[in-house]
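S.K.: Sending over data-v6.cif (mmCIF, C-alpha atoms and all ligand atoms; chains and numbers go by the auth columns).
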data_upload
loop_
_atom_site.group_PDB
_atom_site.id
_atom_site.type_symbol
_atom_site.label_atom_id
_atom_site.label_comp_id
_atom_site.label_asym_id
_atom_site.label_seq_id
_atom_site.Cartn_x
_atom_site.Cartn_y
_atom_site.Cartn_z
_atom_site.B_iso_or_equiv
_atom_site.auth_seq_id
_atom_site.auth_asym_id
ATOM 1 C CA MET A 1 105.351 148.541 132.170 0.00 119 A
ATOM 2 C CA ARG A 2 105.352 145.784 134.775 0.00 120 A
ATOM 3 C CA VAL A 3 104.007 142.501 133.608 0.00 121 A
ATOM 4 C CA VAL A 4 103.878 138.872 134.669 0.00 122 A
ATOM 5 C CA PHE A 5 103.500 136.036 132.151 0.00 123 A
ATOM 6 C CA LEU A 6 101.590 132.981 133.317 0.00 124 A
ATOM 7 C CA GLY A 7 100.999 129.804 131.407 0.00 125 A
ATOM 8 C CA PRO A 8 102.016 126.176 131.130 0.00 126 A
ATOM 9 C CA PRO A 9 105.211 124.900 129.540 0.00 127 A
ATOM 10 C CA GLY A 10 104.886 124.947 125.760 0.00 128 A
ATOM 11 C CA ALA A 11 102.505 127.919 125.745 0.00 129 A
ATOM 12 C CA GLY A 12 105.044 130.137 123.981 0.00 130 A
ATOM 13 C CA LYS A 13 105.762 132.520 126.867 0.00 131 A
ATOM 14 C CA GLY A 14 109.501 132.546 126.229 0.00 132 A
ATOM 15 C CA THR A 15 109.142 133.564 122.583 0.00 133 A
ATOM 16 C CA GLN A 16 106.681 136.337 123.409 0.00 134 A
ATOM 17 C CA ALA A 17 108.746 137.498 126.376 0.00 135 A
ATOM 18 C CA ALA A 18 111.798 137.885 124.152 0.00 136 A
ATOM 19 C CA ARG A 19 109.814 139.883 121.585 0.00 137 A
ATOM 20 C CA LEU A 20 108.049 142.153 124.067 0.00 138 A
ATOM 21 C CA THR A 21 111.122 142.948 126.163 0.00 139 A
ATOM 22 C CA SER A 22 113.230 143.781 123.129 0.00 140 A
ATOM 23 C CA LYS A 23 110.527 146.120 121.783 0.00 141 A
ATOM 24 C CA ARG A 24 110.095 147.830 125.134 0.00 142 A
ATOM 25 C CA GLY A 25 113.677 147.831 126.343 0.00 143 A
ATOM 26 C CA ILE A 26 112.743 146.223 129.650 0.00 144 A
ATOM 27 C CA PRO A 27 114.469 143.203 131.196 0.00 145 A
ATOM 28 C CA HIS A 28 113.074 139.694 130.800 0.00 146 A
ATOM 29 C CA ILE A 29 113.418 138.256 134.274 0.00 147 A
ATOM 30 C CA SER A 30 113.108 134.620 135.231 0.00 148 A
ATOM 31 C CA THR A 31 114.079 133.053 138.529 0.00 149 A
ATOM 32 C CA GLY A 32 116.482 130.719 136.714 0.00 150 A
ATOM 33 C CA GLU A 33 118.332 133.678 135.231 0.00 151 A
ATOM 34 C CA ILE A 34 118.368 135.542 138.553 0.00 152 A
ATOM 35 C CA LEU A 35 119.789 132.525 140.364 0.00 153 A
ATOM 36 C CA ARG A 36 122.490 131.926 137.761 0.00 154 A
ATOM 37 C CA THR A 37 123.560 135.577 137.779 0.00 155 A
ATOM 38 C CA ALA A 38 123.616 135.875 141.578 0.00 156 A
ATOM 39 C CA ILE A 39 125.730 132.730 141.827 0.00 157 A
ATOM 40 C CA GLN A 40 128.055 133.920 139.059 0.00 158 A
ATOM 41 C CA ARG A 41 128.545 137.268 140.814 0.00 159 A
ATOM 42 C CA GLN A 42 129.018 135.511 144.160 0.00 160 A
ATOM 43 C CA THR A 43 126.609 137.867 145.934 0.00 161 A
ATOM 44 C CA PRO A 44 125.832 136.956 149.585 0.00 162 A
ATOM 45 C CA THR A 45 122.340 135.761 148.647 0.00 163 A
ATOM 46 C CA GLY A 46 123.741 133.991 145.603 0.00 164 A
ATOM 47 C CA LEU A 47 126.208 132.093 147.768 0.00 165 A
ATOM 48 C CA GLU A 48 123.425 131.175 150.152 0.00 166 A
ATOM 49 C CA ALA A 49 121.374 129.843 147.242 0.00 167 A
ATOM 50 C CA GLN A 50 124.346 127.914 145.917 0.00 168 A
ATOM 51 C CA GLY A 51 124.704 126.188 149.301 0.00 169 A
ATOM 52 C CA TYR A 52 121.262 124.643 148.865 0.00 170 A
ATOM 53 C CA MET A 53 121.832 123.736 145.237 0.00 171 A
ATOM 54 C CA ASP A 54 125.161 122.067 146.044 0.00 172 A
ATOM 55 C CA LYS A 55 123.301 119.825 148.467 0.00 173 A
ATOM 56 C CA GLY A 56 120.756 119.058 145.750 0.00 174 A
ATOM 57 C CA GLU A 57 118.039 120.920 147.625 0.00 175 A
ATOM 58 C CA PHE A 58 115.516 123.468 146.424 0.00 176 A
ATOM 59 C CA VAL A 59 116.414 127.074 147.088 0.00 177 A
ATOM 60 C CA PRO A 60 113.959 128.267 149.769 0.00 178 A
ATOM 61 C CA PHE A 61 111.330 130.698 148.568 0.00 179 A
ATOM 62 C CA GLU A 62 112.473 133.370 151.017 0.00 180 A
ATOM 63 C CA ILE A 63 115.858 133.457 149.229 0.00 181 A
ATOM 64 C CA VAL A 64 114.257 133.482 145.781 0.00 182 A
ATOM 65 C CA LEU A 65 112.091 136.405 146.837 0.00 183 A
ATOM 66 C CA ARG A 66 115.146 138.324 148.061 0.00 184 A
ATOM 67 C CA LEU A 67 116.853 137.700 144.721 0.00 185 A
ATOM 68 C CA VAL A 68 113.765 138.925 142.863 0.00 186 A
ATOM 69 C CA ARG A 69 113.671 142.056 145.023 0.00 187 A
ATOM 70 C CA ASP A 70 117.348 142.791 144.346 0.00 188 A
ATOM 71 C CA ARG A 71 116.883 142.192 140.634 0.00 189 A
ATOM 72 C CA LEU A 72 113.886 144.520 140.383 0.00 190 A
ATOM 73 C CA GLN A 73 115.938 147.264 142.015 0.00 191 A
ATOM 74 C CA GLU A 74 118.631 147.194 139.360 0.00 192 A
ATOM 75 C CA ALA A 75 118.910 150.174 137.031 0.00 193 A
ATOM 76 C CA ASP A 76 117.638 148.423 133.893 0.00 194 A
ATOM 77 C CA ALA A 77 114.366 147.559 135.651 0.00 195 A
ATOM 78 C CA ALA A 78 113.528 151.157 136.580 0.00 196 A
ATOM 79 C CA GLU A 79 111.149 151.604 133.627 0.00 197 A
ATOM 80 C CA GLY A 80 109.547 148.211 133.987 0.00 198 A
ATOM 81 C CA TRP A 81 110.135 144.490 133.762 0.00 199 A
ATOM 82 C CA LEU A 82 108.647 141.265 132.596 0.00 200 A
ATOM 83 C CA LEU A 83 108.600 138.338 134.983 0.00 201 A
ATOM 84 C CA ASP A 84 108.318 134.930 133.380 0.00 202 A
ATOM 85 C CA GLY A 85 107.533 131.872 135.490 0.00 203 A
ATOM 86 C CA PHE A 86 107.301 133.783 138.755 0.00 204 A
ATOM 87 C CA PRO A 87 105.183 133.954 140.854 0.00 205 A
ATOM 88 C CA ARG A 88 103.899 130.467 140.198 0.00 206 A
ATOM 89 C CA ASN A 89 101.470 129.794 143.034 0.00 207 A
ATOM 90 C CA LEU A 90 99.146 131.750 145.283 0.00 208 A
ATOM 91 C CA GLU A 91 101.549 131.907 148.203 0.00 209 A
ATOM 92 C CA GLN A 92 104.308 133.325 146.001 0.00 210 A
ATOM 93 C CA GLY A 93 101.808 135.714 144.450 0.00 211 A
ATOM 94 C CA SER A 94 100.846 137.143 147.849 0.00 212 A
ATOM 95 C CA ALA A 95 104.454 137.538 148.936 0.00 213 A
ATOM 96 C CA PHE A 96 105.234 139.169 145.612 0.00 214 A
ATOM 97 C CA GLU A 97 102.348 141.626 145.962 0.00 215 A
ATOM 98 C CA GLN A 98 103.615 142.591 149.385 0.00 216 A
ATOM 99 C CA LEU A 99 107.109 143.062 147.988 0.00 217 A
ATOM 100 C CA LEU A 100 105.835 145.318 145.208 0.00 218 A
ATOM 101 C CA ALA A 101 103.855 147.373 147.720 0.00 219 A
ATOM 102 C CA GLU A 102 107.004 147.811 149.813 0.00 220 A
ATOM 103 C CA MET A 103 108.821 148.970 146.687 0.00 221 A
ATOM 104 C CA GLY A 104 106.014 151.364 145.820 0.00 222 A
ATOM 105 C CA GLN A 105 105.331 149.475 142.587 0.00 223 A
ATOM 106 C CA SER A 106 102.319 147.711 141.189 0.00 224 A
ATOM 107 C CA LEU A 107 101.656 145.144 138.515 0.00 225 A
ATOM 108 C CA ASP A 108 100.136 146.434 135.277 0.00 226 A
ATOM 109 C CA HIS A 109 99.183 143.111 133.735 0.00 227 A
ATOM 110 C CA ALA A 110 99.137 139.438 134.571 0.00 228 A
ATOM 111 C CA ILE A 111 98.904 137.787 131.160 0.00 229 A
ATOM 112 C CA PHE A 112 97.766 134.187 131.064 0.00 230 A
ATOM 113 C CA PHE A 113 98.726 132.161 127.991 0.00 231 A
ATOM 114 C CA ASP A 114 95.792 129.822 127.578 0.00 232 A
ATOM 115 C CA VAL A 115 96.502 126.712 125.551 0.00 233 A
ATOM 116 C CA ALA A 116 94.875 123.285 125.507 0.00 234 A
ATOM 117 C CA ASP A 117 96.831 120.338 126.878 0.00 235 A
ATOM 118 C CA GLU A 118 96.526 118.592 123.504 0.00 236 A
ATOM 119 C CA GLU A 119 98.277 121.492 121.777 0.00 237 A
ATOM 120 C CA VAL A 120 101.119 121.468 124.325 0.00 238 A
ATOM 121 C CA VAL A 121 101.533 117.737 123.797 0.00 239 A
ATOM 122 C CA ARG A 122 101.682 118.371 120.043 0.00 240 A
ATOM 123 C CA ARG A 123 104.287 121.122 120.433 0.00 241 A
ATOM 124 C CA LEU A 124 106.526 119.503 123.020 0.00 242 A
ATOM 125 C CA GLY A 125 105.871 115.865 122.181 0.00 243 A
ATOM 126 C CA GLY A 126 107.188 116.358 118.646 0.00 244 A
ATOM 127 C CA ARG A 127 110.622 117.463 119.803 0.00 245 A
ATOM 128 C CA ARG A 128 113.524 115.225 118.859 0.00 246 A
ATOM 129 C CA VAL A 129 117.222 115.529 119.449 0.00 247 A
ATOM 130 C CA CYS A 130 120.238 113.902 117.847 0.00 248 A
ATOM 131 C CA GLU A 131 121.937 111.849 120.523 0.00 249 A
ATOM 132 C CA THR A 132 125.324 112.323 118.903 0.00 250 A
ATOM 133 C CA CYS A 133 125.587 115.944 117.778 0.00 251 A
ATOM 134 C CA GLY A 134 122.792 117.542 119.806 0.00 252 A
ATOM 135 C CA ASP A 135 120.895 118.974 116.810 0.00 253 A
ATOM 136 C CA THR A 136 117.232 119.520 117.629 0.00 254 A
ATOM 137 C CA PHE A 137 114.224 118.870 115.430 0.00 255 A
ATOM 138 C CA HIS A 138 110.468 118.826 115.547 0.00 256 A
ATOM 139 C CA LEU A 139 108.591 116.081 113.732 0.00 257 A
ATOM 140 C CA GLU A 140 106.008 118.568 112.500 0.00 258 A
ATOM 141 C CA PHE A 141 107.683 121.998 112.452 0.00 259 A
ATOM 142 C CA SER A 142 111.302 121.194 111.532 0.00 260 A
ATOM 143 C CA PRO A 143 111.648 117.511 110.672 0.00 261 A
ATOM 144 C CA PRO A 144 115.068 115.891 110.320 0.00 262 A
ATOM 145 C CA PRO A 145 116.359 115.664 106.716 0.00 263 A
ATOM 146 C CA VAL A 146 116.326 111.884 106.842 0.00 264 A
ATOM 147 C CA GLU A 147 113.963 109.905 109.034 0.00 265 A
ATOM 148 C CA GLY A 148 115.684 108.864 112.252 0.00 266 A
ATOM 149 C CA THR A 149 118.961 110.661 111.602 0.00 267 A
ATOM 150 C CA CYS A 150 120.218 114.242 111.313 0.00 268 A
ATOM 151 C CA GLY A 151 122.034 113.368 108.108 0.00 269 A
ATOM 152 C CA LYS A 152 125.538 113.886 109.488 0.00 270 A
ATOM 153 C CA GLY A 153 126.517 110.248 109.455 0.00 271 A
ATOM 154 C CA ASP A 154 126.111 107.842 112.301 0.00 272 A
ATOM 155 C CA CYS A 155 123.760 110.049 114.275 0.00 273 A
ATOM 156 C CA ARG A 156 120.654 108.794 115.997 0.00 274 A
ATOM 157 C CA ILE A 157 117.580 110.865 116.718 0.00 275 A
ATOM 158 C CA ILE A 158 115.772 110.266 119.974 0.00 276 A
ATOM 159 C CA GLN A 159 112.980 111.724 122.074 0.00 277 A
ATOM 160 C CA ARG A 160 114.154 112.977 125.460 0.00 278 A
ATOM 161 C CA SER A 161 112.260 111.373 128.333 0.00 279 A
ATOM 162 C CA ASP A 162 111.186 114.916 129.369 0.00 280 A
ATOM 163 C CA ASP A 163 109.381 115.206 126.048 0.00 281 A
ATOM 164 C CA SER A 164 107.386 111.993 126.324 0.00 282 A
ATOM 165 C CA GLU A 165 103.635 112.453 126.378 0.00 283 A
ATOM 166 C CA GLU A 166 103.432 111.086 129.902 0.00 284 A
ATOM 167 C CA ALA A 167 106.097 113.504 131.188 0.00 285 A
ATOM 168 C CA ILE A 168 104.426 116.450 129.455 0.00 286 A
ATOM 169 C CA ARG A 169 100.990 115.601 130.836 0.00 287 A
ATOM 170 C CA ASN A 170 102.507 115.258 134.269 0.00 288 A
ATOM 171 C CA ARG A 171 104.157 118.688 134.043 0.00 289 A
ATOM 172 C CA LEU A 172 100.879 120.188 132.860 0.00 290 A
ATOM 173 C CA ARG A 173 99.034 118.657 135.794 0.00 291 A
ATOM 174 C CA VAL A 174 101.584 119.940 138.310 0.00 292 A
ATOM 175 C CA TYR A 175 101.514 123.362 136.677 0.00 293 A
ATOM 176 C CA SER A 176 97.767 123.672 136.804 0.00 294 A
ATOM 177 C CA GLU A 177 97.512 122.442 140.399 0.00 295 A
ATOM 178 C CA GLU A 178 100.065 125.023 141.457 0.00 296 A
ATOM 179 C CA THR A 179 99.036 127.930 139.300 0.00 297 A
ATOM 180 C CA ASP A 180 95.242 127.761 138.858 0.00 298 A
ATOM 181 C CA PRO A 181 94.586 129.381 142.252 0.00 299 A
ATOM 182 C CA LEU A 182 96.978 132.213 141.364 0.00 300 A
ATOM 183 C CA VAL A 183 95.278 132.726 137.996 0.00 301 A
ATOM 184 C CA GLU A 184 91.909 132.876 139.783 0.00 302 A
ATOM 185 C CA HIS A 185 93.339 135.384 142.227 0.00 303 A
ATOM 186 C CA TYR A 186 94.481 137.671 139.413 0.00 304 A
ATOM 187 C CA ARG A 187 91.130 137.193 137.704 0.00 305 A
ATOM 188 C CA SER A 188 89.167 138.272 140.751 0.00 306 A
ATOM 189 C CA SER A 189 91.448 141.241 141.384 0.00 307 A
ATOM 190 C CA GLY A 190 90.871 142.399 137.814 0.00 308 A
ATOM 191 C CA SER A 191 94.491 142.304 136.639 0.00 309 A
ATOM 192 C CA LEU A 192 94.227 139.105 134.589 0.00 310 A
ATOM 193 C CA GLN A 193 94.361 139.217 130.799 0.00 311 A
ATOM 194 C CA THR A 194 93.888 135.918 129.029 0.00 312 A
ATOM 195 C CA ILE A 195 95.411 135.261 125.622 0.00 313 A
ATOM 196 C CA ASP A 196 94.454 132.420 123.331 0.00 314 A
ATOM 197 C CA ALA A 197 97.939 130.948 122.928 0.00 315 A
ATOM 198 C CA SER A 198 96.952 128.079 120.662 0.00 316 A
ATOM 199 C CA GLY A 199 97.558 129.896 117.386 0.00 317 A
ATOM 200 C CA ALA A 200 100.546 131.254 115.472 0.00 318 A
ATOM 201 C CA ILE A 201 103.319 133.302 117.068 0.00 319 A
ATOM 202 C CA GLU A 202 102.411 136.512 115.180 0.00 320 A
ATOM 203 C CA GLY A 203 98.777 136.425 116.265 0.00 321 A
ATOM 204 C CA ILE A 204 99.750 135.912 119.885 0.00 322 A
ATOM 205 C CA GLU A 205 102.250 138.739 119.603 0.00 323 A
ATOM 206 C CA SER A 206 99.611 141.207 118.448 0.00 324 A
ATOM 207 C CA GLU A 207 97.388 140.139 121.354 0.00 325 A
ATOM 208 C CA VAL A 208 100.248 140.862 123.773 0.00 326 A
ATOM 209 C CA ASP A 209 100.832 144.226 122.096 0.00 327 A
ATOM 210 C CA ARG A 210 97.161 145.089 122.294 0.00 328 A
ATOM 211 C CA ILE A 211 97.118 144.391 126.031 0.00 329 A
ATOM 212 C CA CYS A 212 100.376 146.159 126.764 0.00 330 A
ATOM 213 C CA GLY A 213 99.596 149.215 124.654 0.00 331 A
ATOM 214 C CA SER A 214 102.283 151.266 122.978 0.00 332 A
ATOM 215 C CA GLY A 215 103.624 153.143 126.012 0.00 333 A
ATOM 216 C CA PRO A 216 106.836 152.296 127.877 0.00 334 A
HETATM 217 ZN ZN ZN B . 123.535 114.288 114.581 0.00 401 A
#
What would you get if you wrote out this structure as structure tokens?
Ligand SMILES: [Zn+2]
M.R.:
Amino acid sequence: MRVVFLGPPGAGKGTQAARLTSKRGIPHISTGEILRTAIQRQTPTGLEAQGYMDKGEFVPFEIVLRLVRDRLQEADAAEGWLLDGFPRNLEQGSAFEQLLAEMGQSLDHAIFFDVADEEVVRRLGGRRVCETCGDTFHLEFSPPPVEGTCGKGDCRIIQRSDDSEEAIRNRLRVYSEETDPLVEHYRSSGSLQTIDASGAIEGIESEVDRICGSGP
């Protein structure tokens, strides 16, 4: 089974990706993971990527695509894979389609995790972290034992600037500008499956299972 997960930050893709890949025995592939591994292994492409990162620059897409190609050709991906967070725009989607064609593969499903901005703000905006010990909390889902502290003494609980409402809304806007055209492309080509990702984890999981069927 070859599947791509699409959806904004906070839509729950990571949780569902972990569940699906462990049930199916296929690798959960993200560009972050591919980059880290290639750099760790000091592969030629990994070293090239590291050169850009050392300079504080983005790794060019052409290099990312090469890393994706190499990753998809590894033994554990022979029976399928799940790509999470890639491709993320129309240009990447076209290049990726071409790559799959060259590899004699095709995408089974592009699954879009549809969730309202307000719900993402609720999920991500409630995150808190203890400045001192690093413990994480959520005001609604796993509140700290004592208001404002993790209970371990002189700790102080803060909201990371990444988790501020303004930062979240900004990420959502960037995501939708980049990814909407890709979602539309998958919709018109008939490979798009949309999941209502606003509910509970278990409900979303059964939706994913329904789409992906029970085969390998
Ligand atoms: Zn603490």
S.K.: Can you work out which one of A:Val292, A:Ile229, A:Ala156, A:Ile275 has the shortest atom-to-atom distance to Glu325 of chain A, counting all atoms listed in the file?
M.R.: A:Ile229
S.K.: Starting from the PyMOL selection byres (((chain A and resi 283) around 12) and not hetatm), expand the selection into actual residues of this file and give them as JSON, numbers by chain.
M.R.: {"A": [235, 236, 237, 238, 239, 240, 241, 242, 243, 244, 245, 277, 278, 279, 280, 281, 282, 284, 285, 286, 287, 288, 289, 290]}
S.K.: If the PyMOL selection byres (((not hetatm)) within 12 of (chain A and resi 401)) is run on the structure shown, which residues does it catch, given as an mmCIF file with C-alpha atoms, in the coordinates of the input?
M.R.:
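For reference, expr_10.cif as written:
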data_model
loop_
_atom_site.group_PDB
_atom_site.id
_atom_site.type_symbol
_atom_site.label_atom_id
_atom_site.label_comp_id
_atom_site.auth_asym_id
_atom_site.auth_seq_id
_atom_site.Cartn_x
_atom_site.Cartn_y
_atom_site.Cartn_z
ATOM 1 C CA ARG A 246 113.524 115.225 118.859
ATOM 2 C CA VAL A 247 117.222 115.529 119.449
ATOM 3 C CA CYS A 248 120.238 113.902 117.847
ATOM 4 C CA GLU A 249 121.937 111.849 120.523
ATOM 5 C CA THR A 250 125.324 112.323 118.903
ATOM 6 C CA CYS A 251 125.587 115.944 117.778
ATOM 7 C CA GLY A 252 122.792 117.542 119.806
ATOM 8 C CA ASP A 253 120.895 118.974 116.810
ATOM 9 C CA THR A 254 117.232 119.520 117.629
ATOM 10 C CA PHE A 255 114.224 118.870 115.430
ATOM 11 C CA PRO A 262 115.068 115.891 110.320
ATOM 12 C CA PRO A 263 116.359 115.664 106.716
ATOM 13 C CA VAL A 264 116.326 111.884 106.842
ATOM 14 C CA GLU A 265 113.963 109.905 109.034
ATOM 15 C CA GLY A 266 115.684 108.864 112.252
ATOM 16 C CA THR A 267 118.961 110.661 111.602
ATOM 17 C CA CYS A 268 120.218 114.242 111.313
ATOM 18 C CA GLY A 269 122.034 113.368 108.108
ATOM 19 C CA LYS A 270 125.538 113.886 109.488
ATOM 20 C CA GLY A 271 126.517 110.248 109.455
ATOM 21 C CA ASP A 272 126.111 107.842 112.301
ATOM 22 C CA CYS A 273 123.760 110.049 114.275
ATOM 23 C CA ARG A 274 120.654 108.794 115.997
ATOM 24 C CA ILE A 275 117.580 110.865 116.718
ATOM 25 C CA ILE A 276 115.772 110.266 119.974
#
S.K.: What's the separation between atom CA of Gly169 of chain A and atom CA of Asp202 of chain A, in Å to one decimal place?
M.R.: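 A separation of 24.5 Å between them.
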S.K.: If we count all atoms listed in the file and set the cut-off at 12 Å, which residues sit around Gly308 of chain A, ignoring sequence neighbours fewer than 3 positions away in its own chain? Please answer as a ChimeraX atom specification.
M.R.: /A:225-229,301-305,311-312
S.K.: Could you dump the residues just selected with C-alpha atoms as a short mmCIF file (atom, residue, chain, number, x, y, z; two decimals), in the coordinates of the input?
M.R.:
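As written to disk, selection14.cif reads:
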data_model
loop_
_atom_site.label_atom_id
_atom_site.label_comp_id
_atom_site.auth_asym_id
_atom_site.auth_seq_id
_atom_site.Cartn_x
_atom_site.Cartn_y
_atom_site.Cartn_z
CA LEU A 225 101.66 145.14 138.51
CA ASP A 226 100.14 146.43 135.28
CA HIS A 227 99.18 143.11 133.74
CA ALA A 228 99.14 139.44 134.57
CA ILE A 229 98.90 137.79 131.16
CA VAL A 301 95.28 132.73 138.00
CA GLU A 302 91.91 132.88 139.78
CA HIS A 303 93.34 135.38 142.23
CA TYR A 304 94.48 137.67 139.41
CA ARG A 305 91.13 137.19 137.70
CA GLN A 311 94.36 139.22 130.80
CA THR A 312 93.89 135.92 129.03
#
S.K.: Give me, please, the distance in Å between atom CA of Pro126 of chain A and atom CA of Ala234 of chain A, quoted to one decimal.
M.R.: 9.5 Å
S.K.: Find the residue from A:Glu197, A:Glu209, A:Asp232, A:Glu215 that sits nearest to Arg142 of chain A; use all atoms listed in the file when measuring.
M.R.: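 Between A:Glu197, A:Glu209, A:Asp232, A:Glu215, the residue approaching Arg142 of chain A most closely is A:Glu197.
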S.K.: Show which residues sit within 10 Å of Leu153 of chain A, as a PDB file with C-alpha atoms, in the frame of the given file. Count all atoms listed in the file, and ignore same-chain residues fewer than 4 positions away.
M.R.:
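Saved to out31.pdb:
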ATOM      1  CA  SER A 148     113.108 134.620 135.231  1.00  0.00           C
ATOM      2  CA  THR A 149     114.079 133.053 138.529  1.00  0.00           C
ATOM      3  CA  ILE A 157     125.730 132.730 141.827  1.00  0.00           C
ATOM      4  CA  GLN A 158     128.055 133.920 139.059  1.00  0.00           C
ATOM      5  CA  ARG A 159     128.545 137.268 140.814  1.00  0.00           C
ATOM      6  CA  THR A 163     122.340 135.761 148.647  1.00  0.00           C
ATOM      7  CA  GLY A 164     123.741 133.991 145.603  1.00  0.00           C
ATOM      8  CA  LEU A 165     126.208 132.093 147.768  1.00  0.00           C
ATOM      9  CA  ALA A 167     121.374 129.843 147.242  1.00  0.00           C
ATOM     10  CA  GLN A 168     124.346 127.914 145.917  1.00  0.00           C
ATOM     11  CA  VAL A 177     116.414 127.074 147.088  1.00  0.00           C
ATOM     12  CA  ILE A 181     115.858 133.457 149.229  1.00  0.00           C
ATOM     13  CA  VAL A 182     114.257 133.482 145.781  1.00  0.00           C
ATOM     14  CA  LEU A 185     116.853 137.700 144.721  1.00  0.00           C
ATOM     15  CA  VAL A 186     113.765 138.925 142.863  1.00  0.00           C
TER      16      VAL A 186
END
S.K.: Check the smallest atom-to-atom distance from each of A:His146, A:Lys131, A:Arg328, A:Arg291 to Gly198 of chain A using all atoms listed in the file, then report the winner.
M.R.: A:His146
S.K.: What is the distance between atom CA of Thr161 of chain A and atom CA of Leu200 of chain A, in Å to one decimal?
M.R.: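 Atom-to-atom, atom CA of Thr161 of chain A and atom CA of Leu200 of chain A are spaced 22.6 Å apart.
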S.K.: Just checking: using only C-alpha atoms, which residue out of A:Gly331, A:Glu296, A:Phe204, A:Leu218 ends up closest to Leu124 of chain A?
M.R.: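 Using only C-alpha atoms, the shortest distance to Leu124 of chain A belongs to A:Phe204.
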S.K.: I would like the residues chosen by the PyMOL selection byres (((chain A and resi 326) around 12) and not hetatm) on the shown file; could you give them as a PyMOL selection string?
M.R.: chain A and resi 121-123+130-131+133-139+141+227-231+311-315+319-325+327-332
